[in-house]
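Shown here: model-v9.txt, compact mmCIF, C-alpha atoms and all ligand atoms.
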# COMPACT_ATOMS: atom_id res chain seq x y z
CA MET A 202 -12.68 -42.40 26.61
CA SER A 203 -10.23 -40.60 28.92
CA ASP A 204 -10.60 -36.89 29.74
CA GLU A 205 -7.29 -36.29 27.97
CA ALA A 206 -8.72 -37.57 24.70
CA GLU A 207 -11.61 -35.12 25.06
CA VAL A 208 -9.42 -31.99 25.05
CA ILE A 209 -10.41 -30.17 21.88
CA HIS A 210 -7.74 -28.54 19.73
CA HIS A 211 -9.90 -26.37 17.50
CA GLY A 212 -8.27 -26.17 14.06
CA LEU A 213 -5.68 -28.71 15.34
CA ASP A 214 -3.88 -25.68 16.81
CA GLY A 215 -0.65 -26.79 18.46
CA VAL A 216 -1.20 -30.50 17.75
CA VAL A 217 1.83 -32.49 16.57
CA VAL A 218 0.37 -35.28 14.41
CA ASP A 219 3.50 -36.95 13.01
CA THR A 220 7.21 -36.57 12.37
CA THR A 221 8.67 -35.21 9.15
CA ARG A 222 12.19 -35.00 7.71
CA ILE A 223 11.24 -32.54 4.96
CA SER A 224 11.15 -29.09 6.57
CA LYS A 225 11.12 -27.39 9.92
CA VAL A 226 9.39 -24.14 10.80
CA MET A 227 11.06 -22.46 13.78
CA PRO A 228 8.91 -19.51 14.75
CA GLU A 229 11.00 -18.75 17.82
CA ILE A 230 14.05 -17.87 15.70
CA ASN A 231 12.04 -16.86 12.65
CA SER A 232 13.53 -19.55 10.47
CA LEU A 233 12.43 -22.18 7.96
CA VAL A 234 14.70 -24.95 6.76
CA TYR A 235 14.17 -27.43 3.92
CA ARG A 236 16.07 -30.63 4.74
CA GLY A 237 18.25 -28.55 7.08
CA TYR A 238 19.04 -25.68 4.69
CA PRO A 239 17.72 -22.18 5.55
CA VAL A 240 15.22 -21.18 2.89
CA GLN A 241 16.80 -17.75 2.40
CA GLU A 242 20.13 -19.41 1.53
CA LEU A 243 18.40 -21.70 -0.93
CA ALA A 244 16.55 -18.76 -2.48
CA GLY A 245 19.81 -16.83 -2.82
CA GLN A 246 21.96 -19.60 -4.26
CA CYS A 247 19.86 -22.33 -5.86
CA SER A 248 17.55 -22.80 -8.80
CA PHE A 249 13.99 -23.99 -8.18
CA GLU A 250 14.95 -27.27 -9.85
CA GLU A 251 17.76 -27.83 -7.31
CA VAL A 252 15.32 -27.14 -4.49
CA ALA A 253 12.75 -29.55 -5.96
CA TRP A 254 15.39 -32.28 -6.01
CA LEU A 255 16.45 -31.42 -2.45
CA ILE A 256 12.87 -31.63 -1.19
CA TRP A 257 12.31 -35.01 -2.83
CA HIS A 258 15.71 -36.62 -2.26
CA GLY A 259 16.90 -35.03 0.98
CA GLU A 260 20.21 -33.73 -0.47
CA LEU A 261 21.13 -31.04 -2.98
CA PRO A 262 21.88 -32.58 -6.39
CA ASN A 263 25.38 -32.72 -7.84
CA ALA A 264 25.89 -31.40 -11.37
CA SER A 265 25.16 -34.67 -13.16
CA GLU A 266 22.10 -35.45 -11.00
CA LEU A 267 20.73 -31.98 -11.75
CA LYS A 268 21.42 -32.34 -15.45
CA SER A 269 19.56 -35.62 -15.78
CA PHE A 270 16.72 -34.43 -13.52
CA GLN A 271 16.27 -31.31 -15.63
CA ALA A 272 16.39 -33.30 -18.87
CA GLY A 273 13.72 -35.69 -17.53
CA GLU A 274 11.44 -32.88 -16.31
CA ARG A 275 11.80 -30.86 -19.51
CA ALA A 276 10.95 -33.90 -21.64
CA ARG A 277 7.64 -34.34 -19.81
CA ARG A 278 6.09 -30.89 -20.07
CA ASN A 279 3.67 -31.69 -22.90
CA ILE A 280 0.08 -32.50 -22.05
CA SER A 281 -2.19 -34.82 -24.01
CA PRO A 282 -4.75 -33.54 -26.55
CA ALA A 283 -7.42 -35.01 -24.24
CA LEU A 284 -6.25 -32.86 -21.31
CA LEU A 285 -6.00 -29.81 -23.54
CA ASP A 286 -9.57 -30.52 -24.57
CA VAL A 287 -10.69 -30.66 -20.92
CA ILE A 288 -9.07 -27.24 -20.39
CA HIS A 289 -10.71 -25.95 -23.61
CA LYS A 290 -14.11 -27.11 -22.40
CA SER A 291 -13.77 -25.35 -19.03
CA SER A 292 -15.81 -22.21 -18.58
CA ARG A 293 -13.75 -19.10 -19.37
CA ALA A 294 -15.13 -17.69 -16.12
CA ALA A 295 -13.89 -20.61 -13.99
CA HIS A 296 -11.27 -19.89 -11.36
CA PRO A 297 -7.90 -21.16 -12.69
CA MET A 298 -7.46 -23.12 -9.44
CA ASP A 299 -10.60 -25.11 -10.29
CA VAL A 300 -9.28 -25.80 -13.79
CA LEU A 301 -5.91 -26.85 -12.36
CA ARG A 302 -7.57 -29.10 -9.77
CA THR A 303 -9.61 -30.74 -12.53
CA ALA A 304 -6.52 -31.11 -14.74
CA VAL A 305 -4.54 -32.85 -11.97
CA SER A 306 -7.46 -35.18 -11.38
CA PHE A 307 -7.55 -35.89 -15.13
CA LEU A 308 -3.81 -36.66 -15.12
CA GLY A 309 -4.73 -39.41 -12.66
CA VAL A 310 -7.21 -40.78 -15.19
CA GLU A 311 -4.41 -40.81 -17.78
CA ASP A 312 -1.98 -42.67 -15.48
CA ALA A 313 -0.64 -45.59 -17.51
CA ALA A 314 0.04 -47.93 -14.58
CA PRO A 315 -2.23 -47.11 -11.63
CA GLU A 316 -1.45 -50.49 -10.07
CA LYS A 317 2.14 -49.37 -9.41
CA THR A 318 2.12 -47.75 -5.99
CA ASP A 319 5.79 -48.04 -4.98
CA ALA A 320 7.89 -45.01 -4.04
CA ALA A 321 9.71 -44.89 -7.41
CA ALA A 322 6.41 -44.83 -9.32
CA ASN A 323 5.10 -42.04 -7.10
CA LEU A 324 8.27 -39.97 -7.49
CA ASN A 325 7.89 -40.40 -11.23
CA ARG A 326 4.32 -39.07 -10.97
CA ALA A 327 5.51 -36.15 -8.84
CA VAL A 328 8.05 -35.14 -11.52
CA ASP A 329 5.29 -35.46 -14.10
CA LEU A 330 3.07 -33.09 -12.11
CA LEU A 331 5.95 -30.62 -11.69
CA ALA A 332 6.53 -30.68 -15.45
CA LYS A 333 2.89 -30.48 -16.59
CA ILE A 334 1.29 -28.05 -14.11
CA PRO A 335 2.85 -24.93 -15.72
CA THR A 336 1.63 -26.14 -19.14
CA VAL A 337 -1.91 -26.45 -17.76
CA ILE A 338 -1.70 -22.98 -16.18
CA GLY A 339 -0.41 -21.46 -19.41
CA ALA A 340 -3.05 -23.20 -21.52
CA PHE A 341 -5.95 -21.83 -19.48
CA TYR A 342 -4.27 -18.43 -19.10
CA ARG A 343 -4.30 -18.02 -22.84
CA LEU A 344 -7.42 -19.93 -23.88
CA ARG A 345 -9.70 -17.80 -21.73
CA LYS A 346 -8.34 -14.70 -23.43
CA GLY A 347 -9.04 -16.24 -26.83
CA GLN A 348 -5.32 -16.74 -27.47
CA ASN A 349 -3.71 -19.82 -28.98
CA PHE A 350 -2.10 -22.54 -26.84
CA ILE A 351 1.69 -22.24 -26.68
CA PRO A 352 3.47 -25.60 -26.27
CA PRO A 353 6.16 -25.71 -23.56
CA ARG A 354 9.81 -25.39 -24.51
CA GLY A 355 12.40 -27.95 -23.49
CA ASP A 356 15.32 -25.52 -23.43
CA LEU A 357 14.01 -23.26 -20.65
CA SER A 358 14.06 -23.47 -16.85
CA ILE A 359 10.74 -24.04 -15.07
CA ALA A 360 10.53 -20.32 -14.22
CA GLU A 361 11.37 -19.19 -17.76
CA ASN A 362 9.00 -21.72 -19.30
CA PHE A 363 6.13 -20.44 -17.15
CA PHE A 364 6.41 -17.02 -18.82
CA HIS A 365 6.81 -18.63 -22.23
CA VAL A 366 3.61 -20.70 -21.96
CA CYS A 367 1.60 -17.76 -20.58
CA PHE A 368 2.96 -14.83 -22.60
CA GLY A 369 4.90 -16.37 -25.48
CA LYS A 370 8.13 -14.73 -24.34
CA VAL A 371 10.65 -14.88 -21.53
CA PRO A 372 11.05 -11.57 -19.66
CA ALA A 373 14.25 -9.93 -18.40
CA PRO A 374 16.46 -12.03 -16.11
CA GLU A 375 15.55 -9.78 -13.13
CA VAL A 376 11.89 -10.75 -13.52
CA VAL A 377 12.64 -14.46 -13.96
CA ARG A 378 14.90 -14.41 -10.88
CA ALA A 379 12.27 -12.73 -8.67
CA PHE A 380 9.71 -15.27 -9.87
CA GLU A 381 12.07 -18.18 -9.24
CA VAL A 382 12.79 -16.94 -5.71
CA SER A 383 9.04 -16.94 -5.03
CA LEU A 384 8.87 -20.57 -6.22
CA VAL A 385 11.66 -21.55 -3.81
CA LEU A 386 9.95 -19.76 -0.92
CA TYR A 387 6.57 -21.35 -1.70
CA ALA A 388 7.95 -24.86 -2.26
CA GLU A 389 7.43 -26.37 1.19
CA HIS A 390 6.01 -25.45 4.59
CA GLY A 391 5.40 -28.43 6.84
CA PHE A 392 1.91 -29.56 7.80
CA ASN A 393 0.05 -26.58 6.33
CA ALA A 394 -3.64 -27.08 5.49
CA SER A 395 -3.21 -28.24 1.87
CA THR A 396 -0.23 -30.51 2.50
CA PHE A 397 -1.93 -32.00 5.53
CA SER A 398 -5.08 -32.51 3.43
CA ALA A 399 -2.97 -34.44 0.91
CA ARG A 400 -1.47 -36.56 3.70
CA VAL A 401 -4.91 -37.30 5.14
CA VAL A 402 -6.24 -38.35 1.74
CA VAL A 403 -3.32 -40.61 0.87
CA SER A 404 -3.32 -42.18 4.34
CA SER A 405 -6.29 -44.29 3.19
CA LEU A 406 -3.90 -45.71 0.54
CA THR A 407 -5.62 -43.96 -2.32
CA ASP A 408 -3.46 -42.58 -5.16
CA ILE A 409 -1.18 -39.52 -5.28
CA PHE A 410 -3.38 -37.72 -7.84
CA GLY A 411 -6.36 -37.83 -5.48
CA ALA A 412 -4.20 -36.52 -2.65
CA VAL A 413 -2.84 -33.63 -4.74
CA THR A 414 -6.33 -32.82 -6.07
CA ALA A 415 -7.52 -32.42 -2.47
CA GLY A 416 -4.43 -30.38 -1.63
CA ILE A 417 -5.13 -27.96 -4.49
CA ALA A 418 -8.75 -27.62 -3.37
CA SER A 419 -7.52 -26.63 0.08
CA LEU A 420 -4.85 -24.28 -1.19
CA LYS A 421 -7.43 -22.25 -3.12
CA GLY A 422 -9.04 -20.90 0.06
CA GLN A 423 -8.41 -17.30 1.14
CA LEU A 424 -7.14 -18.27 4.56
CA HIS A 425 -4.42 -20.27 2.81
CA GLY A 426 -2.95 -19.89 -0.70
CA GLY A 427 -5.78 -17.73 -1.98
CA ALA A 428 -4.49 -14.93 0.24
CA ASN A 429 -1.92 -13.80 -2.36
CA GLU A 430 -4.77 -12.93 -4.73
CA ALA A 431 -6.78 -11.28 -1.96
CA VAL A 432 -3.78 -9.13 -0.98
CA MET A 433 -3.56 -7.65 -4.47
CA ARG A 434 -7.29 -7.01 -4.62
CA MET A 435 -6.98 -5.19 -1.29
CA LEU A 436 -4.09 -3.05 -2.57
CA LEU A 437 -6.12 -2.15 -5.68
CA GLU A 438 -9.13 -1.26 -3.53
CA ILE A 439 -6.97 1.05 -1.40
CA GLY A 440 -5.48 2.54 -4.56
CA GLU A 441 -3.26 5.26 -3.08
CA PRO A 442 -0.71 5.38 -0.24
CA ALA A 443 -2.55 8.35 1.30
CA ARG A 444 -5.61 6.15 1.89
CA ALA A 445 -3.78 3.12 3.32
CA ARG A 446 -3.68 3.92 7.04
CA ASP A 447 -7.34 4.97 7.29
CA TRP A 448 -8.41 1.97 5.22
CA LEU A 449 -6.64 -0.39 7.62
CA LEU A 450 -7.95 1.34 10.74
CA ALA A 451 -11.49 1.07 9.37
CA ALA A 452 -10.96 -2.62 8.54
CA LEU A 453 -9.80 -3.30 12.09
CA ARG A 454 -12.70 -1.33 13.58
CA GLU A 455 -15.08 -3.42 11.50
CA LYS A 456 -13.25 -6.58 12.65
CA ARG A 457 -12.42 -7.60 9.08
CA VAL A 458 -9.64 -10.09 8.39
CA VAL A 459 -6.81 -8.27 6.65
CA MET A 460 -5.40 -10.50 3.96
CA GLY A 461 -1.70 -11.32 3.97
CA PHE A 462 -1.35 -10.84 7.72
CA GLY A 463 -1.10 -13.39 10.49
CA HIS A 464 -0.05 -17.00 10.53
CA ARG A 465 -0.95 -20.06 12.55
CA VAL A 466 2.69 -20.85 13.32
CA TYR A 467 4.63 -17.59 12.96
CA LYS A 468 3.45 -15.06 15.48
CA LYS A 469 6.44 -12.71 15.26
CA GLY A 470 6.91 -12.61 11.50
CA ASP A 471 7.14 -15.03 8.60
CA SER A 472 10.73 -16.14 7.89
CA ARG A 473 10.15 -15.97 4.12
CA VAL A 474 8.95 -12.37 4.06
CA PRO A 475 12.32 -10.48 4.16
CA THR A 476 13.61 -12.40 1.10
CA MET A 477 10.38 -11.93 -0.88
CA LYS A 478 10.23 -8.27 0.09
CA LYS A 479 13.75 -7.74 -1.21
CA TYR A 480 12.69 -9.10 -4.60
CA ALA A 481 9.39 -7.19 -4.51
CA ARG A 482 11.45 -4.00 -4.13
CA LYS A 483 13.68 -5.04 -7.02
CA MET A 484 10.53 -5.55 -9.14
CA ALA A 485 9.15 -2.17 -8.10
CA ALA A 486 12.42 -0.47 -9.09
CA PHE A 487 12.57 -2.46 -12.32
CA THR A 488 8.98 -1.73 -13.38
CA GLY A 489 8.64 1.73 -11.82
CA HIS A 490 5.49 0.61 -9.99
CA GLU A 491 6.57 1.71 -6.51
CA LYS A 492 3.03 2.54 -5.36
CA TRP A 493 1.99 -0.95 -4.33
CA LEU A 494 4.92 -1.33 -1.99
CA GLU A 495 4.37 2.15 -0.56
CA ILE A 496 0.82 1.10 0.32
CA SER A 497 2.14 -2.23 1.65
CA ASP A 498 4.67 -0.51 3.92
CA ILE A 499 1.96 1.67 5.48
CA LEU A 500 -0.36 -1.32 5.99
CA GLU A 501 2.44 -3.34 7.58
CA ALA A 502 3.51 -0.56 9.96
CA THR A 503 -0.09 0.16 10.97
CA MET A 504 -0.96 -3.52 11.48
CA ILE A 505 2.07 -4.08 13.70
CA GLU A 506 1.38 -0.88 15.65
CA GLN A 507 -2.33 -1.63 16.16
CA LYS A 508 -2.45 -5.41 16.51
CA GLY A 509 1.12 -6.72 16.66
CA ILE A 510 0.29 -8.94 13.65
CA PHE A 511 2.99 -9.40 10.98
CA PRO A 512 2.70 -10.03 7.22
CA ASN A 513 3.03 -13.52 5.75
CA LEU A 514 4.62 -14.54 2.43
CA ASP A 515 1.44 -13.80 0.46
CA PHE A 516 1.71 -10.11 1.38
CA PRO A 517 4.84 -9.35 -0.71
CA SER A 518 4.31 -12.12 -3.31
CA GLY A 519 0.90 -10.81 -4.48
CA PRO A 520 2.14 -7.37 -5.60
CA THR A 521 5.36 -8.92 -6.96
CA TYR A 522 3.37 -11.09 -9.37
CA TYR A 523 1.10 -8.15 -10.23
CA MET A 524 4.12 -6.01 -11.14
CA MET A 525 5.21 -8.82 -13.48
CA GLY A 526 1.94 -8.37 -15.37
CA ILE A 527 0.39 -11.66 -14.25
CA ASP A 528 -3.43 -11.88 -13.90
CA ILE A 529 -4.44 -11.82 -10.22
CA ASP A 530 -6.36 -15.11 -10.25
CA MET A 531 -3.22 -16.88 -11.52
CA PHE A 532 -1.28 -16.13 -8.32
CA THR A 533 -2.53 -19.19 -6.40
CA PRO A 534 -1.92 -21.56 -9.35
CA ILE A 535 1.70 -20.32 -9.25
CA PHE A 536 1.74 -21.31 -5.57
CA VAL A 537 0.65 -24.83 -6.69
CA MET A 538 3.42 -24.91 -9.29
CA ALA A 539 5.91 -24.47 -6.43
CA ARG A 540 4.18 -26.39 -3.62
CA ILE A 541 3.68 -29.48 -5.78
CA THR A 542 7.24 -30.35 -4.68
CA GLY A 543 6.60 -30.19 -0.92
CA MET A 544 3.10 -31.62 -1.17
CA THR A 545 4.17 -34.71 -3.10
CA ALA A 546 7.22 -35.18 -0.84
CA HIS A 547 4.79 -35.30 2.09
CA VAL A 548 2.53 -37.76 0.29
CA MET A 549 5.53 -40.06 -0.24
CA GLU A 550 6.70 -39.60 3.35
CA GLN A 551 3.21 -40.45 4.62
CA LEU A 552 3.14 -43.62 2.53
CA ALA A 553 6.60 -44.66 3.70
CA ASN A 554 5.33 -44.94 7.29
CA ASN A 555 1.59 -44.90 6.89
CA ARG A 556 -1.10 -45.04 9.50
CA LEU A 557 -4.66 -44.04 8.58
CA ILE A 558 -5.27 -40.46 9.80
CA ARG A 559 -8.53 -40.66 11.65
CA PRO A 560 -9.03 -38.29 14.60
CA LEU A 561 -11.94 -38.19 17.03
CA SER A 562 -14.65 -35.62 17.62
CA LYS A 563 -16.68 -34.71 20.67
CA TYR A 564 -20.36 -35.15 19.91
CA THR A 565 -22.52 -32.14 20.90
CA GLY A 566 -25.78 -33.05 19.09
CA PRO A 567 -29.07 -34.25 20.64
CA GLY A 568 -29.08 -37.06 23.19
CA GLU A 569 -30.25 -40.51 22.10
CA ARG A 570 -33.94 -40.57 21.08
CA ARG A 571 -36.44 -42.82 19.32
CA VAL A 572 -37.55 -42.52 15.69
CA VAL A 573 -41.21 -41.44 15.37
CA PRO A 574 -42.83 -43.03 12.27
CA LEU A 575 -43.50 -40.55 9.42
CA LYS A 576 -47.32 -40.73 9.82
CA GLN A 577 -47.10 -39.62 13.45
CA ARG A 578 -44.68 -36.69 12.95
CA GLY A 579 -47.42 -34.11 12.32
N1 LIG B 1 -6.50 -9.67 10.18
C1 LIG B 1 -7.10 -9.27 11.31
N2 LIG B 1 -7.02 -9.94 12.47
C2 LIG B 1 -6.29 -11.05 12.48
C3 LIG B 1 -5.63 -11.53 11.34
C4 LIG B 1 -5.75 -10.79 10.16
N3 LIG B 1 -5.16 -11.18 9.04
N4 LIG B 1 -4.97 -12.66 11.64
C5 LIG B 1 -5.21 -12.90 12.93
N5 LIG B 1 -6.01 -11.94 13.43
C6 LIG B 1 -6.50 -11.84 14.79
C7 LIG B 1 -7.58 -12.86 15.04
O1 LIG B 1 -8.85 -12.36 14.67
C8 LIG B 1 -7.46 -13.08 16.51
O2 LIG B 1 -8.06 -11.97 17.17
P1 LIG B 1 -8.91 -12.19 18.51
O3 LIG B 1 -7.94 -12.81 19.49
O4 LIG B 1 -9.36 -10.83 18.86
O5 LIG B 1 -10.00 -13.14 18.12
C9 LIG B 1 -5.96 -12.96 16.73
O6 LIG B 1 -5.46 -12.19 15.68
C10 LIG B 1 -5.25 -14.29 16.78
O7 LIG B 1 -5.42 -14.97 15.56
P2 LIG B 1 -5.71 -16.52 15.46
O8 LIG B 1 -7.19 -16.70 15.48
O9 LIG B 1 -4.94 -17.26 16.47
O10 LIG B 1 -5.17 -16.85 14.04
P3 LIG B 1 -5.22 -18.30 13.38
O11 LIG B 1 -3.96 -18.99 13.71
O12 LIG B 1 -6.47 -19.04 13.66
O13 LIG B 1 -5.31 -17.92 11.85
C11 LIG B 1 -4.70 -17.20 9.72
C12 LIG B 1 -4.20 -17.80 11.04
C13 LIG B 1 -3.57 -17.20 8.71
C14 LIG B 1 -5.85 -18.05 9.17
C15 LIG B 1 -5.19 -15.76 9.98
O14 LIG B 1 -4.12 -14.99 10.48
C16 LIG B 1 -5.79 -15.12 8.75
O15 LIG B 1 -6.97 -15.29 8.46
N6 LIG B 1 -4.97 -14.33 7.98
C17 LIG B 1 -5.44 -13.74 6.75
C18 LIG B 1 -5.38 -14.73 5.58
C19 LIG B 1 -3.97 -15.00 5.14
O16 LIG B 1 -3.17 -14.09 4.93
N7 LIG B 1 -3.67 -16.29 4.95
C20 LIG B 1 -2.38 -16.74 4.49
C21 LIG B 1 -1.66 -17.47 5.56
S1 LIG B 1 -0.02 -17.91 5.06

Just give me the structure as structure tokens.
Ligand code: COA
Amino acid sequence: MSDEAEVIHHGLDGVVVDTTRISKVMPEINSLVYRGYPVQELAGQCSFEEVAWLIWHGELPNASELKSFQAGERARRNISPALLDVIHKSSRAAHPMDVLRTAVSFLGVEDAAPEKTDAAANLNRAVDLLAKIPTVIGAFYRLRKGQNFIPPRGDLSIAENFFHVCFGKVPAPEVVRAFEVSLVLYAEHGFNASTFSARVVVSSLTDIFGAVTAGIASLKGQLHGGANEAVMRMLLEIGEPARARDWLLAALREKRVVMGFGHRVYKKGDSRVPTMKKYARKMAAFTGHEKWLEISDILEATMIEQKGIFPNLDFPSGPTYYMMGIDIDMFTPIFVMARITGMTAHVMEQLANNRLIRPLSKYTGPGERRVVPLKQRG
């Protein structure tokens, strides 16, 4: 093996492993584009459904494409009694991400034609996941509170239907819009840990359900998607703006990781944060819960002053969801509801030009030695 091959890129930091046509993160100009379109423009002008189509097909849909896509997605939101039973049988104390991961795996078991592995069949499965994931989230949201299951409605957008299946009603348009913007911002982000996990899994030519199941498992972690939950827990622990600066200084002294800050790729700020912050402020004004953003502002200023580390998308999204009245442990499942678009697009892109992903490692264990028979090992 050459010396070059032995250079270790811990955490694959800085390693370019493949090409992609889906999105581009440009940390130097603080920008993120999906298929060439700046994400803030998409968030400002497009529905989540339009963005889902864009991510999968490479172009924004025209009116008739959007209409038939929406009709197809809306018609597929119901889940089987067997899947509902799996959700029913889950422990009420389980993390909703674990229930969602199990549900996606079970959808693979229910796949009617697993032998079909062409791109059209996989796109069909991706739309199915997009349609059914909110139903799964809503079912567990309610069942664990002892509430009845609410079937999805076919006359609502994906964002509206999420509130319907969780709460039985659709909130004010301001709330739905802020939620939908978060879905657009969360939809896709290159070779992040969960998407890359999905690409690795499918590169062995296994099925899309297995790849997405692995992606969800990865997304749950606090260094990744789980950060939006951790941010809100941190804000609750701090409690009052007057405590925020001292709390952060103590955390830094104790060398604790402060959730919602830092990013592997963005080192001068996350391109999605200004848009999400704008909608977080709208939510604060709408609900009258300004306190969480006051604490956030102090944390952000202090973190930049002390460490030069900027907030990531999870920092404003966590309190935004909290202000909407959503349970904290449902924040990362919402991330899945959005990222299922980007993740499945990557799975299909990987399969379109597949090569098994199989890196090397540098062995640092004991040198070669002989096995001593059990009787002589003392
Ligand atoms: N809180 C405190 N210190 C942080 C930090 C944070 N959130 N993020 C980075 N740092 C520090 C690191 O400890 C390191 O300090 P050191 O040089 O003294 O060791 C320095 O900043 C550089 O960070 P680095 O190790 O290069 O970051 P990374 O690229 O390996 O990790 C994250 C990126 C996202 C995993 C990391 O920033 C993190 O854990 N953030 C909190 C979790 C989070 O919000 N995740 C969501 C990401 S979208």

For atom CA of Val401 of chain A and atom CA of Leu557 of chain A, determine how far apart the two atoms are, in Å to one decimal place.
7.6 Å

Counting only C-alpha atoms and all ligand atoms, which protein, DNA or RNA residues come within 9 Å of ligand LIG 1 (chain B), given as an mmCIF file with C-alpha atoms, keeping the file's coordinate frame?
data_model
loop_
_atom_site.group_PDB
_atom_site.id
_atom_site.type_symbol
_atom_site.label_atom_id
_atom_site.label_comp_id
_atom_site.auth_asym_id
_atom_site.auth_seq_id
_atom_site.Cartn_x
_atom_site.Cartn_y
_atom_site.Cartn_z
ATOM 1 C CA HIS A 211 -9.900 -26.370 17.500
ATOM 2 C CA GLY A 212 -8.270 -26.170 14.060
ATOM 3 C CA ASP A 214 -3.880 -25.680 16.810
ATOM 4 C CA ASN A 393 0.050 -26.580 6.330
ATOM 5 C CA GLY A 422 -9.040 -20.900 0.060
ATOM 6 C CA GLN A 423 -8.410 -17.300 1.140
ATOM 7 C CA LEU A 424 -7.140 -18.270 4.560
ATOM 8 C CA HIS A 425 -4.420 -20.270 2.810
ATOM 9 C CA GLY A 426 -2.950 -19.890 -0.700
ATOM 10 C CA GLY A 427 -5.780 -17.730 -1.980
ATOM 11 C CA ALA A 428 -4.490 -14.930 0.240
ATOM 12 C CA ASN A 429 -1.920 -13.800 -2.360
ATOM 13 C CA ALA A 431 -6.780 -11.280 -1.960
ATOM 14 C CA VAL A 432 -3.780 -9.130 -0.980
ATOM 15 C CA ALA A 452 -10.960 -2.620 8.540
ATOM 16 C CA LEU A 453 -9.800 -3.300 12.090
ATOM 17 C CA LYS A 456 -13.250 -6.580 12.650
ATOM 18 C CA ARG A 457 -12.420 -7.600 9.080
ATOM 19 C CA VAL A 458 -9.640 -10.090 8.390
ATOM 20 C CA VAL A 459 -6.810 -8.270 6.650
ATOM 21 C CA MET A 460 -5.400 -10.500 3.960
ATOM 22 C CA GLY A 461 -1.700 -11.320 3.970
ATOM 23 C CA PHE A 462 -1.350 -10.840 7.720
ATOM 24 C CA GLY A 463 -1.100 -13.390 10.490
ATOM 25 C CA HIS A 464 -0.050 -17.000 10.530
ATOM 26 C CA ARG A 465 -0.950 -20.060 12.550
ATOM 27 C CA VAL A 466 2.690 -20.850 13.320
ATOM 28 C CA TYR A 467 4.630 -17.590 12.960
ATOM 29 C CA LYS A 468 3.450 -15.060 15.480
ATOM 30 C CA ASP A 471 7.140 -15.030 8.600
ATOM 31 C CA MET A 504 -0.960 -3.520 11.480
ATOM 32 C CA LYS A 508 -2.450 -5.410 16.510
ATOM 33 C CA GLY A 509 1.120 -6.720 16.660
ATOM 34 C CA ILE A 510 0.290 -8.940 13.650
ATOM 35 C CA PHE A 511 2.990 -9.400 10.980
ATOM 36 C CA PRO A 512 2.700 -10.030 7.220
ATOM 37 C CA ASN A 513 3.030 -13.520 5.750
ATOM 38 C CA LEU A 514 4.620 -14.540 2.430
ATOM 39 C CA ASP A 515 1.440 -13.800 0.460
ATOM 40 C CA PHE A 516 1.710 -10.110 1.380
#

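Of the listed residues (A:Glu501, A:Asp408, A:Asp219, A:Asp299), A:Asp408 comes nearest to Lys317 of chain A; the distances count only C-alpha atoms.
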
Between A:Pro297, A:Pro282, A:Pro374, A:Pro520, single out the one closest to Phe350 of chain A, counting all atoms listed in the file.
A:Pro282

Considering all atoms listed in the file, can you say which of A:Pro372, A:Gly519, A:Gly215, A:Gly566 comes closest to Thr488 of chain A?
A:Pro372

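Rounded to one decimal, atom CA of Ala294 of chain A and atom CA of Gln348 of chain A lie 15.0 Å from each other.
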
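If all atoms listed in the file are the atoms counted, then among A:Ile499, A:Met433, A:Cys247, A:Val240 the closest residue to Lys225 of chain A is A:Val240.
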